[in-house]
$ cat work.cif   # mmCIF, C-alpha atoms (C1' of nucleotides) and all ligand atoms
data_structure
#
loop_
_atom_site.label_atom_id
_atom_site.label_comp_id
_atom_site.auth_asym_id
_atom_site.auth_seq_id
_atom_site.Cartn_x
_atom_site.Cartn_y
_atom_site.Cartn_z
CA MET Q 10 0.00 0.00 0.00
CA ASP Q 11 1.33 3.40 -0.95
CA ASP Q 12 -0.83 4.75 1.80
CA HIS Q 13 1.55 3.32 4.32
CA LYS Q 14 4.58 5.09 2.86
CA GLN Q 15 2.71 8.34 3.07
CA GLN Q 16 1.77 7.60 6.63
CA ILE Q 17 5.38 6.88 7.54
CA ALA Q 18 6.38 10.13 5.85
CA HIS Q 19 3.82 12.01 7.91
CA PHE Q 20 5.11 10.25 10.99
CA GLU Q 21 8.68 11.35 10.26
CA GLN Q 22 7.53 14.89 9.63
CA THR Q 23 5.61 15.02 12.87
CA CYS Q 24 8.53 13.70 14.87
CA ARG Q 25 10.89 16.19 13.31
CA ALA Q 26 8.41 19.01 13.86
CA HIS Q 27 8.41 18.14 17.56
CA GLY Q 28 12.17 17.76 17.79
CA LEU Q 29 11.93 14.03 18.40
CA LYS Q 30 14.76 11.84 17.20
CA MET Q 31 14.02 9.20 14.62
CA THR Q 32 15.18 6.18 16.58
CA HIS Q 33 14.60 2.87 14.97
CA GLN Q 34 12.57 1.79 17.97
CA ARG Q 35 10.12 4.55 17.10
CA LEU Q 36 10.24 3.73 13.45
CA GLU Q 37 9.78 -0.01 13.92
CA ILE Q 38 6.95 0.40 16.36
CA PHE Q 39 5.14 2.80 14.10
CA HIS Q 40 5.84 0.62 11.10
CA ALA Q 41 4.44 -2.42 12.89
CA LEU Q 42 1.30 -0.52 13.82
CA VAL Q 43 0.79 0.80 10.33
CA HIS Q 44 1.11 -2.63 8.78
CA SER Q 45 -1.05 -4.41 11.30
CA SER Q 46 -4.80 -4.47 11.34
CA GLU Q 47 -5.13 -6.34 14.60
CA HIS Q 48 -5.04 -3.31 16.89
CA PRO Q 49 -2.25 -4.79 18.99
CA SER Q 50 -1.59 -4.17 22.65
CA ALA Q 51 1.78 -2.98 23.89
CA GLU Q 52 2.72 -6.55 24.76
CA THR Q 53 1.62 -7.88 21.40
CA LEU Q 54 3.71 -5.27 19.65
CA TYR Q 55 6.62 -6.17 21.85
CA SER Q 56 6.35 -9.87 20.95
CA MET Q 57 6.04 -8.99 17.29
CA LEU Q 58 9.18 -6.90 17.35
CA GLU Q 59 11.52 -8.55 19.81
CA LYS Q 60 12.56 -11.18 17.26
CA ARG Q 61 13.96 -8.55 14.96
CA MET Q 62 15.03 -6.23 17.77
CA PRO Q 63 16.37 -8.40 20.57
CA THR Q 64 17.32 -5.43 22.72
CA LEU Q 65 13.90 -3.78 22.56
CA SER Q 66 12.31 -3.30 25.95
CA LEU Q 67 8.64 -3.44 26.78
CA ASP Q 68 9.05 -0.17 28.61
CA THR Q 69 10.11 1.50 25.39
CA VAL Q 70 7.03 0.17 23.64
CA TYR Q 71 4.81 1.69 26.30
CA ARG Q 72 6.74 4.95 26.35
CA THR Q 73 6.76 5.21 22.59
CA LEU Q 74 3.07 4.45 22.28
CA ALA Q 75 2.31 7.17 24.81
CA THR Q 76 4.38 9.60 22.77
CA PHE Q 77 2.57 8.64 19.59
CA VAL Q 78 -0.82 9.05 21.19
CA ASP Q 79 0.19 12.50 22.42
CA LEU Q 80 1.27 13.45 18.93
CA GLY Q 81 -2.01 12.16 17.50
CA LEU Q 82 -0.14 9.64 15.36
CA VAL Q 83 -1.72 6.71 17.10
CA LYS Q 84 -5.07 6.14 18.71
CA ARG Q 85 -5.95 4.07 21.68
CA VAL Q 86 -8.96 1.94 20.87
CA GLU Q 87 -11.95 1.79 23.17
CA THR Q 88 -12.50 -1.80 24.28
CA LEU Q 89 -13.85 -3.68 27.25
CA GLY Q 90 -10.62 -5.65 27.58
CA SER Q 91 -8.10 -5.01 30.32
CA LYS Q 92 -5.13 -4.15 28.17
CA ALA Q 93 -4.97 -1.09 25.95
CA ARG Q 94 -4.97 -1.63 22.19
CA PHE Q 95 -3.64 0.74 19.59
CA GLU Q 96 -3.89 1.59 15.94
CA ALA Q 97 -2.11 3.92 13.56
CA LYS Q 98 -5.17 4.10 11.34
CA ILE Q 99 -6.24 7.68 11.79
CA ASP Q 100 -8.84 8.04 9.06
CA GLN Q 101 -12.49 7.72 9.94
CA HIS Q 102 -13.58 4.12 10.45
CA HIS Q 103 -15.46 1.89 12.86
CA HIS Q 104 -14.97 -1.33 14.78
CA PHE Q 105 -16.47 -4.76 15.00
CA PHE Q 106 -15.43 -6.49 18.18
CA CYS Q 107 -15.68 -10.25 18.61
CA ASP Q 108 -16.74 -10.90 22.17
CA ARG Q 109 -15.43 -14.44 22.01
CA CYS Q 110 -11.86 -14.04 20.74
CA GLY Q 111 -11.30 -10.31 21.12
CA GLN Q 112 -10.63 -9.76 17.44
CA LEU Q 113 -11.13 -6.16 16.35
CA THR Q 114 -12.03 -5.55 12.72
CA ASP Q 115 -12.18 -2.22 10.95
CA PHE Q 116 -14.96 -1.20 8.66
CA THR Q 117 -16.12 1.95 6.98
CA TRP Q 118 -19.64 3.28 6.78
CA GLN Q 119 -19.97 6.33 4.61
CA SER Q 120 -23.66 6.93 5.03
CA PHE Q 121 -23.25 6.87 8.78
CA ASP Q 122 -20.36 9.30 8.61
CA ALA Q 123 -22.49 11.64 6.53
CA SER Q 124 -25.51 11.38 8.82
CA GLN Q 125 -26.64 14.18 11.12
CA LEU Q 126 -26.71 13.62 14.83
CA PRO Q 127 -30.08 14.01 16.56
CA GLU Q 128 -30.72 17.59 17.67
CA THR Q 129 -30.80 16.61 21.33
CA VAL Q 130 -27.19 15.56 21.00
CA GLN Q 131 -25.99 18.80 19.54
CA GLU Q 132 -27.12 20.48 22.75
CA LEU Q 133 -24.81 18.33 24.82
CA GLY Q 134 -21.63 20.00 23.69
CA ARG Q 135 -19.13 20.08 20.86
CA VAL Q 136 -18.79 16.72 19.18
CA ARG Q 137 -15.38 15.91 17.74
CA ASP Q 138 -15.65 12.21 16.89
CA LYS Q 139 -18.51 9.98 15.94
CA ASN Q 140 -17.92 6.24 15.88
CA VAL Q 141 -19.78 2.98 15.75
CA ILE Q 142 -18.83 -0.02 17.83
CA LEU Q 143 -20.31 -3.38 17.00
CA HIS Q 144 -20.21 -6.34 19.30
CA GLY Q 145 -20.85 -9.89 18.27
CA VAL Q 146 -19.10 -13.07 17.24
CA CYS Q 147 -16.73 -13.24 14.30
CA ASN Q 148 -16.91 -15.85 11.54
CA GLN Q 149 -13.91 -17.81 12.77
CA CYS Q 150 -15.49 -18.19 16.17
CA LEU Q 151 -18.84 -19.11 14.66
CA LYS Q 152 -17.17 -21.88 12.65
CA ALA Q 153 -15.06 -23.07 15.54
CA LYS Q 154 -18.20 -23.50 17.58
CA GLU Q 155 -19.71 -26.72 16.22
CA MET E 25 -39.75 7.27 37.15
CA ASP E 26 -41.99 4.26 37.26
CA ASP E 27 -39.47 2.68 34.95
CA HIS E 28 -37.13 2.36 37.88
CA LYS E 29 -39.57 0.40 39.97
CA GLN E 30 -40.04 -2.00 37.14
CA GLN E 31 -36.31 -2.34 36.75
CA ILE E 32 -35.92 -3.08 40.44
CA ALA E 33 -38.66 -5.66 40.17
CA HIS E 34 -36.88 -7.30 37.26
CA PHE E 35 -33.68 -7.23 39.30
CA GLU E 36 -35.35 -8.99 42.21
CA GLN E 37 -36.84 -11.57 39.88
CA THR E 38 -33.50 -12.27 38.27
CA CYS E 39 -31.76 -12.66 41.61
CA ARG E 40 -34.42 -15.02 42.85
CA ALA E 41 -34.33 -16.98 39.61
CA HIS E 42 -30.61 -17.53 40.18
CA GLY E 43 -30.96 -18.38 43.85
CA LEU E 44 -29.19 -15.21 44.93
CA LYS E 45 -30.14 -13.68 48.23
CA MET E 46 -31.59 -10.19 48.29
CA THR E 47 -29.02 -8.58 50.53
CA HIS E 48 -29.40 -4.88 51.02
CA GLN E 49 -25.89 -4.39 49.68
CA ARG E 50 -27.10 -5.81 46.36
CA LEU E 51 -30.28 -3.83 46.50
CA GLU E 52 -28.60 -0.54 47.38
CA ILE E 53 -25.93 -0.93 44.75
CA PHE E 54 -28.47 -1.73 42.07
CA HIS E 55 -30.71 1.06 43.26
CA ALA E 56 -27.86 3.54 43.10
CA LEU E 57 -27.01 2.45 39.58
CA VAL E 58 -30.58 2.68 38.40
CA HIS E 59 -31.01 6.17 39.80
CA SER E 60 -27.73 7.50 38.54
CA SER E 61 -27.03 8.63 35.03
CA GLU E 62 -23.34 9.25 35.58
CA HIS E 63 -22.13 5.72 34.79
CA PRO E 64 -20.23 5.47 38.06
CA SER E 65 -17.12 3.43 38.72
CA ALA E 66 -16.95 0.94 41.57
CA GLU E 67 -15.18 3.52 43.70
CA THR E 68 -17.71 6.21 42.91
CA LEU E 69 -20.53 3.88 43.86
CA TYR E 70 -18.72 3.04 47.04
CA SER E 71 -18.36 6.73 47.97
CA MET E 72 -21.99 7.35 47.14
CA LEU E 73 -23.14 4.53 49.39
CA GLU E 74 -20.73 4.46 52.32
CA LYS E 75 -22.49 7.38 54.00
CA ARG E 76 -25.71 5.44 54.28
CA MET E 77 -24.00 2.07 54.68
CA PRO E 78 -20.96 2.60 56.87
CA THR E 79 -20.05 -1.07 56.90
CA LEU E 80 -20.08 -1.47 53.12
CA SER E 81 -16.79 -2.62 51.70
CA LEU E 82 -15.32 -1.70 48.34
CA ASP E 83 -14.70 -5.38 47.75
CA THR E 84 -18.41 -6.03 47.96
CA VAL E 85 -19.07 -3.33 45.41
CA TYR E 86 -16.66 -4.96 42.98
CA ARG E 87 -17.99 -8.44 43.68
CA THR E 88 -21.59 -7.34 43.36
CA LEU E 89 -20.98 -5.46 40.13
CA ALA E 90 -19.32 -8.56 38.68
CA THR E 91 -22.36 -10.60 39.65
CA PHE E 92 -24.71 -8.09 38.06
CA VAL E 93 -22.70 -8.00 34.85
CA ASP E 94 -22.81 -11.79 34.70
CA LEU E 95 -26.57 -11.72 35.14
CA GLY E 96 -26.89 -9.11 32.41
CA LEU E 97 -28.45 -6.67 34.87
CA VAL E 98 -25.61 -4.21 34.50
CA LYS E 99 -23.33 -3.28 31.66
CA ARG E 100 -19.74 -2.23 31.74
CA VAL E 101 -19.33 0.84 29.59
CA GLU E 102 -16.59 1.08 27.01
CA THR E 103 -14.35 4.04 27.80
CA LEU E 104 -10.76 5.11 27.38
CA GLY E 105 -10.42 5.76 31.10
CA SER E 106 -8.52 3.46 33.41
CA LYS E 107 -11.33 2.55 35.75
CA ALA E 108 -14.36 0.56 34.71
CA ARG E 109 -17.69 2.36 34.64
CA PHE E 110 -21.11 0.78 34.92
CA GLU E 111 -24.73 1.36 34.13
CA ALA E 112 -27.99 -0.39 34.83
CA LYS E 113 -29.57 1.11 31.75
CA ILE E 114 -30.05 -1.90 29.55
CA ASP E 115 -32.23 -0.50 26.79
CA GLN E 116 -30.63 0.55 23.52
CA HIS E 117 -28.88 3.90 23.77
CA HIS E 118 -25.61 5.61 22.95
CA HIS E 119 -22.94 7.67 24.64
CA PHE E 120 -21.43 11.09 24.45
CA PHE E 121 -18.10 11.21 26.22
CA CYS E 122 -16.52 14.49 27.31
CA ASP E 123 -12.78 14.15 26.79
CA ARG E 124 -12.11 16.95 29.22
CA CYS E 125 -14.07 15.97 32.33
CA GLY E 126 -14.93 12.36 31.59
CA GLN E 127 -18.67 12.93 31.78
CA LEU E 128 -20.68 10.27 30.01
CA THR E 129 -24.10 11.26 28.70
CA ASP E 130 -26.75 8.94 27.30
CA PHE E 131 -28.70 9.67 24.20
CA THR E 132 -31.02 7.79 21.89
CA TRP E 133 -30.97 7.72 18.13
CA GLN E 134 -33.87 5.86 16.63
CA SER E 135 -32.99 6.30 12.99
CA PHE E 136 -29.53 4.92 13.64
CA ASP E 137 -30.96 1.96 15.51
CA ALA E 138 -33.21 1.22 12.56
CA SER E 139 -30.45 1.59 9.98
CA GLN E 140 -28.94 -1.33 8.11
CA LEU E 141 -25.28 -2.11 8.50
CA PRO E 142 -23.15 -2.04 5.33
CA GLU E 143 -23.07 -5.43 3.58
CA THR E 144 -19.34 -5.79 4.09
CA VAL E 145 -19.98 -5.81 7.80
CA GLN E 146 -22.55 -8.55 7.71
CA GLU E 147 -19.84 -10.82 6.30
CA LEU E 148 -17.67 -10.30 9.35
CA GLY E 149 -19.81 -12.36 11.66
CA ARG E 150 -22.93 -12.20 13.78
CA VAL E 151 -23.57 -8.74 15.15
CA ARG E 152 -25.28 -8.56 18.52
CA ASP E 153 -24.91 -4.90 19.49
CA LYS E 154 -24.60 -1.73 17.53
CA ASN E 155 -23.64 1.43 19.34
CA VAL E 156 -22.46 4.94 18.73
CA ILE E 157 -19.78 6.62 20.79
CA LEU E 158 -19.29 10.33 20.49
CA HIS E 159 -16.24 12.15 21.77
CA GLY E 160 -16.03 15.85 22.33
CA VAL E 161 -16.33 18.51 24.98
CA CYS E 162 -19.45 18.94 27.07
CA ASN E 163 -21.22 22.26 27.60
CA GLN E 164 -20.03 22.69 31.16
CA CYS E 165 -16.43 22.34 30.06
CA LEU E 166 -16.97 24.69 27.13
CA LYS E 167 -18.33 27.34 29.49
CA ALA E 168 -15.65 26.77 32.08
CA LYS E 169 -13.02 27.37 29.46
CA GLU E 170 -13.07 31.15 29.02
"C1'" DC I 9 33.18 14.02 16.42
"C1'" DA I 10 30.44 15.68 20.33
"C1'" DT I 11 26.19 16.18 22.51
"C1'" DC I 12 22.23 14.94 24.52
"C1'" DA I 13 17.83 12.68 23.67
"C1'" DA I 14 16.47 8.28 24.00
"C1'" DT I 15 17.02 3.41 25.15
"C1'" DT I 16 18.15 -0.21 28.19
"C1'" DA I 17 18.28 -2.96 32.49
"C1'" DA I 18 16.56 -4.04 36.68
"C1'" DG I 19 13.73 -3.15 39.84
"C1'" DA I 20 10.35 -0.41 42.39
"C1'" DA I 21 5.98 1.86 42.45
"C1'" DT I 22 1.00 2.64 41.12
"C1'" DA I 23 -3.60 1.71 40.37
"C1'" DA I 24 -7.49 -1.14 39.53
"C1'" DA I 25 -9.30 -5.28 40.45
"C1'" DT I 26 -9.39 -9.83 42.47
"C1'" DC I 27 -8.50 -13.27 45.83
"C1'" DT I 28 -7.66 -15.46 50.60
"C1'" DT I 29 -8.87 -16.75 55.08
"C1'" DA I 30 -11.31 -16.35 59.00
"C1'" DT I 31 -15.10 -14.30 61.26
"C1'" DC I 32 -19.56 -12.34 61.44
"C1'" DT I 33 -24.33 -11.18 59.78
"C1'" DG I 34 -28.71 -11.54 58.15
"C1'" DA I 35 -32.04 -13.49 54.25
"C1'" DG I 36 -34.88 -17.13 53.47
"C1'" DC I 37 -36.88 -21.29 54.98
"C1'" DC I 38 -39.01 -24.40 58.60
"C1'" DG C 18 -38.61 -17.39 66.41
"C1'" DG C 19 -34.78 -20.16 65.35
"C1'" DC C 20 -31.45 -22.48 61.88
"C1'" DT C 21 -28.51 -22.48 58.24
"C1'" DC C 22 -25.62 -21.11 54.82
"C1'" DA C 23 -24.88 -17.57 51.25
"C1'" DG C 24 -22.90 -13.63 51.42
"C1'" DA C 25 -20.55 -9.58 53.73
"C1'" DT C 26 -16.66 -7.91 56.21
"C1'" DA C 27 -11.79 -7.11 57.63
"C1'" DA C 28 -7.22 -7.13 56.63
"C1'" DG C 29 -4.06 -8.19 53.86
"C1'" DA C 30 -1.92 -10.48 49.88
"C1'" DT C 31 -1.91 -11.04 44.90
"C1'" DT C 32 -2.36 -10.10 40.02
"C1'" DT C 33 -2.09 -7.44 35.92
"C1'" DA C 34 -1.20 -3.49 33.23
"C1'" DT C 35 1.30 0.40 33.26
"C1'" DT C 36 4.48 3.89 34.76
"C1'" DC C 37 8.51 5.48 37.08
"C1'" DT C 38 13.46 5.52 38.93
"C1'" DT C 39 18.27 5.46 38.53
"C1'" DA C 40 22.37 4.69 36.34
"C1'" DA C 41 24.79 3.18 32.47
"C1'" DT C 42 24.85 2.89 27.38
"C1'" DT C 43 23.67 3.94 22.63
"C1'" DG C 44 23.16 6.36 18.61
"C1'" DA C 45 20.69 10.31 15.83
"C1'" DT C 46 21.74 14.65 14.51
"C1'" DG C 47 24.11 18.91 14.02
MN MN Q 201 -9.36 0.43 13.79
MN MN Q 202 -25.42 4.79 29.25
ZN ZN Q 203 -13.91 -14.31 17.30
ZN ZN Q 204 -16.85 18.01 30.30
#
$ encode --input "work.cif" --output "structure tokens" --more "lines below"
Ligand SMILES: [Mn+2]
Ligand SMILES: [Mn+2]
Ligand SMILES: [Zn+2]
Ligand SMILES: [Zn+2]
Amino acid sequence: MDDHKQQIAHFEQTCRAHGLKMTHQRLEIFHALVHSSEHPSAETLYSMLEKRMPTLSLDTVYRTLATFVDLGLVKRVETLGSKARFEAKIDQHHHFFCDRCGQLTDFTWQSFDASQLPETVQELGRVRDKNVILHGVCNQCLKAKE
Amino acid sequence: MDDHKQQIAHFEQTCRAHGLKMTHQRLEIFHALVHSSEHPSAETLYSMLEKRMPTLSLDTVYRTLATFVDLGLVKRVETLGSKARFEAKIDQHHHFFCDRCGQLTDFTWQSFDASQLPETVQELGRVRDKNVILHGVCNQCLKAKE
DNA sequence: CATCAATTAAGAATAAATCTTATCTGAGCC
DNA sequence: GGCTCAGATAAGATTTATTCTTAATTGATG
């Protein structure tokens, strides 16, 4: 995906703009996030990367993720699980969450994005984000059942 | 609200149906949840109740909430915050979350509830719940700003 | 090449939530 | 009204995710 290259470019720009050094820890962690669709936790990212980067520390993963979230490069995903999950996908999309295996799948929904909120809601305050969360059971889990 | 009485009745039924004793800890905790719209955490509930119930323990609040969630009487709310928040409101509704103060406000959205999911989503698995989460800044926080 | 931000190691510290064990209380049944 | 046992309490330990501390090392960048 050429998208990813652009995203990495934007990432490098943002780091530079904030005077942050381009360490390969940062680059690898961001890269892993960009190329993953599983919304990994800090630990998952760590396991994914420690093979290639034997000196990587879990602490760095946490610290780096926190930095990325601050910069708006990465989002923490809202889940019911106990460990935080992250994504580098910044463009508008929504989530389907499998309550059995914890899998998080992205989807888009244009007509929802274009829809107007009820008036009652507009009186509550200033809305910045509008997202759908689905809960259910994914196909793999449905198959694995019988 | 007469709604609340009905909800308490349903709560008592469910407890009885599962052979659970109607302790006043359980009743008070459920009552507090039903009459609150703030989606309190276990600690918040504990603070709310300890005045009236000086012997209540935080452990009991946690244990009781877990029981209620298991019974489907109470839902854990999806948030980005570190502590779990709960509600006894079971009927279909959605949430507006103030990123500044953490306030969670309910709202309903009939046309959304009636809407069809995109086809691509139906291929992902069996969807059980479909909810909207808004993020933004609530009116109180907007006022308090200047 | 020098500088200093960032990483690492190793361990301690937090915070939320859960568990343990023993003791007490009170809800539900006769 | 009295029994019985589920459930509450106290007090403390434990677990899990996450963050912090300190000191030594690395390596990105000017
Ligand atoms: Mn996503
Ligand atoms: Mn709610
Ligand atoms: Zn699944
Ligand atoms: Zn607010």
$ interface_residues --input "work.cif" --of "chain E" --to "chain I" --cutoff "8 Å" --atoms "only C-alpha atoms (C1' of nucleotides)" --output "PyMOL selection string"
chain E and resi 45-47+86+106-107
$ atom_distance --input "work.cif" --atom1 "atom CA of Q:Arg137" --atom2 "atom CA of Q:Thr88"
19.1 Å
$ residues_near_ligand --input "work.cif" --ligand "ligand MN 202 (chain Q)" --cutoff "9 Å" --atoms "all atoms listed in the file" --output "list in words"
Ser61, Glu62, His63, Lys99, Val101, Phe110, Glu111, Ala112, Lys113, Ile114, Asp115, Gln116, His117, His118, His119, Phe120, Leu128, Thr129, Asp130 and Phe131 of chain E
$ residues_near_ligand --input "work.cif" --ligand "ligand ZN 204 (chain Q)" --cutoff "12 Å" --atoms "all atoms listed in the file" --output "list of chain:residue names"
Q:Leu133, Q:Gly134, Q:Arg135, Q:Val136, E:Phe120, E:Phe121, E:Cys122, E:Asp123, E:Arg124, E:Cys125, E:Gly126, E:Gln127, E:Leu128, E:Thr129, E:His159, E:Gly160, E:Val161, E:Cys162, E:Asn163, E:Gln164, E:Cys165, E:Leu166, E:Lys167, E:Ala168, E:Lys169
$ write_last_selection --input "work.cif" --atoms "C-alpha atoms" --output "mmCIF file, keeping the file's coordinate frame"
data_model
loop_
_atom_site.group_PDB
_atom_site.id
_atom_site.type_symbol
_atom_site.label_atom_id
_atom_site.label_comp_id
_atom_site.auth_asym_id
_atom_site.auth_seq_id
_atom_site.Cartn_x
_atom_site.Cartn_y
_atom_site.Cartn_z
ATOM 1 C CA LEU Q 133 -24.810 18.330 24.820
ATOM 2 C CA GLY Q 134 -21.630 20.000 23.690
ATOM 3 C CA ARG Q 135 -19.130 20.080 20.860
ATOM 4 C CA VAL Q 136 -18.790 16.720 19.180
ATOM 5 C CA PHE E 120 -21.430 11.090 24.450
ATOM 6 C CA PHE E 121 -18.100 11.210 26.220
ATOM 7 C CA CYS E 122 -16.520 14.490 27.310
ATOM 8 C CA ASP E 123 -12.780 14.150 26.790
ATOM 9 C CA ARG E 124 -12.110 16.950 29.220
ATOM 10 C CA CYS E 125 -14.070 15.970 32.330
ATOM 11 C CA GLY E 126 -14.930 12.360 31.590
ATOM 12 C CA GLN E 127 -18.670 12.930 31.780
ATOM 13 C CA LEU E 128 -20.680 10.270 30.010
ATOM 14 C CA THR E 129 -24.100 11.260 28.700
ATOM 15 C CA HIS E 159 -16.240 12.150 21.770
ATOM 16 C CA GLY E 160 -16.030 15.850 22.330
ATOM 17 C CA VAL E 161 -16.330 18.510 24.980
ATOM 18 C CA CYS E 162 -19.450 18.940 27.070
ATOM 19 C CA ASN E 163 -21.220 22.260 27.600
ATOM 20 C CA GLN E 164 -20.030 22.690 31.160
ATOM 21 C CA CYS E 165 -16.430 22.340 30.060
ATOM 22 C CA LEU E 166 -16.970 24.690 27.130
ATOM 23 C CA LYS E 167 -18.330 27.340 29.490
ATOM 24 C CA ALA E 168 -15.650 26.770 32.080
ATOM 25 C CA LYS E 169 -13.020 27.370 29.460
#
$ atom_distance --input "work.cif" --atom1 "atom CA of E:Gly96" --atom2 "atom CA of E:Tyr70"
20.7 Å
$ closest_atom_pairs --input "work.cif" --of "chain Q" --to "chain C" --cutoff "12 Å" --atoms "all atoms listed in the file" --output "Markdown table"
| residue | atom | partner | partner_atom | distance |
| --- | --- | --- | --- | --- |
| Q:Arg25 | CA | C:DT46 | C1' | 11.0 |
| Q:Gly28 | CA | C:DT46 | C1' | 10.6 |
| Q:Leu29 | CA | C:DA45 | C1' | 9.9 |
| Q:Lys30 | CA | C:DA45 | C1' | 6.3 |
| Q:Met31 | CA | C:DA45 | C1' | 6.9 |
| Q:Thr32 | CA | C:DA45 | C1' | 6.9 |
| Q:His33 | CA | C:DA45 | C1' | 9.7 |
| Q:Gln34 | CA | C:DG44 | C1' | 11.6 |
| Q:Ser50 | CA | C:DA34 | C1' | 10.6 |
| Q:Ala51 | CA | C:DA34 | C1' | 9.8 |
| Q:Glu52 | CA | C:DA34 | C1' | 9.8 |
| Q:Thr64 | CA | C:DT43 | C1' | 11.3 |
| Q:Leu67 | CA | C:DT35 | C1' | 10.5 |
| Q:Asp68 | CA | C:DT36 | C1' | 8.7 |
| Q:Thr69 | CA | C:DT36 | C1' | 11.2 |
| Q:Val70 | CA | C:DT35 | C1' | 11.2 |
| Q:Tyr71 | CA | C:DT35 | C1' | 7.9 |
| Q:Arg72 | CA | C:DT36 | C1' | 8.8 |
| Q:Leu74 | CA | C:DT35 | C1' | 11.8 |
| Q:Ala75 | CA | C:DT36 | C1' | 10.7 |
| Q:Gly90 | CA | C:DA34 | C1' | 11.2 |
| Q:Ser91 | CA | C:DA34 | C1' | 7.6 |
| Q:Lys92 | CA | C:DA34 | C1' | 6.4 |
| Q:Ala93 | CA | C:DA34 | C1' | 8.5 |
| Q:Arg94 | CA | C:DA34 | C1' | 11.8 |
$ axis_aligned_box --input "work.cif" --around "stretch 20-27 of chain Q" --padding-each-side "5 Å" --output "JSON"
{"center_x": 8.0, "center_y": 14.6, "center_z": 13.6, "size_x": 15.8, "size_y": 18.8, "size_z": 17.9}
$ atom_distance --input "work.cif" --atom1 "atom CA of E:Gln140" --atom2 "atom CA of Q:Thr129"
22.4 Å
$ closest_residue --input "work.cif" --among "Q:Pro49, Q:Arg61, Q:Lys139, Q:Thr76" --to "ligand MN 201 (chain Q)" --atoms "only C-alpha atoms and all ligand atoms"
Q:Pro49
$ closest_residue --input "work.cif" --among "E:Glu143, E:Glu102, E:His55, E:Ser135" --to "chain Q" --atoms "all atoms listed in the file"
E:Glu102
$ decode --input "work.cif" --residues "chain I" --atoms "C-alpha atoms (C1' of nucleotides)" --output "PDB file, in the first residue's frame"
ATOM      1  C1'  DC I   9      33.185  14.017  16.423  1.00  0.00           C
ATOM      2  C1'  DA I  10      30.439  15.677  20.329  1.00  0.00           C
ATOM      3  C1'  DT I  11      26.188  16.180  22.506  1.00  0.00           C
ATOM      4  C1'  DC I  12      22.228  14.938  24.524  1.00  0.00           C
ATOM      5  C1'  DA I  13      17.826  12.684  23.671  1.00  0.00           C
ATOM      6  C1'  DA I  14      16.469   8.285  23.999  1.00  0.00           C
ATOM      7  C1'  DT I  15      17.022   3.413  25.150  1.00  0.00           C
ATOM      8  C1'  DT I  16      18.146  -0.210  28.192  1.00  0.00           C
ATOM      9  C1'  DA I  17      18.279  -2.959  32.488  1.00  0.00           C
ATOM     10  C1'  DA I  18      16.564  -4.041  36.676  1.00  0.00           C
ATOM     11  C1'  DG I  19      13.734  -3.151  39.840  1.00  0.00           C
ATOM     12  C1'  DA I  20      10.353  -0.410  42.390  1.00  0.00           C
ATOM     13  C1'  DA I  21       5.983   1.855  42.446  1.00  0.00           C
ATOM     14  C1'  DT I  22       0.998   2.643  41.115  1.00  0.00           C
ATOM     15  C1'  DA I  23      -3.604   1.705  40.367  1.00  0.00           C
ATOM     16  C1'  DA I  24      -7.491  -1.143  39.534  1.00  0.00           C
ATOM     17  C1'  DA I  25      -9.302  -5.276  40.452  1.00  0.00           C
ATOM     18  C1'  DT I  26      -9.388  -9.831  42.473  1.00  0.00           C
ATOM     19  C1'  DC I  27      -8.503 -13.273  45.831  1.00  0.00           C
ATOM     20  C1'  DT I  28      -7.663 -15.458  50.599  1.00  0.00           C
ATOM     21  C1'  DT I  29      -8.870 -16.749  55.080  1.00  0.00           C
ATOM     22  C1'  DA I  30     -11.315 -16.354  58.999  1.00  0.00           C
ATOM     23  C1'  DT I  31     -15.098 -14.303  61.260  1.00  0.00           C
ATOM     24  C1'  DC I  32     -19.556 -12.339  61.437  1.00  0.00           C
ATOM     25  C1'  DT I  33     -24.332 -11.179  59.784  1.00  0.00           C
ATOM     26  C1'  DG I  34     -28.711 -11.543  58.148  1.00  0.00           C
ATOM     27  C1'  DA I  35     -32.036 -13.488  54.253  1.00  0.00           C
ATOM     28  C1'  DG I  36     -34.879 -17.132  53.468  1.00  0.00           C
ATOM     29  C1'  DC I  37     -36.882 -21.294  54.979  1.00  0.00           C
ATOM     30  C1'  DC I  38     -39.006 -24.399  58.599  1.00  0.00           C
TER      31       DC I  38
END
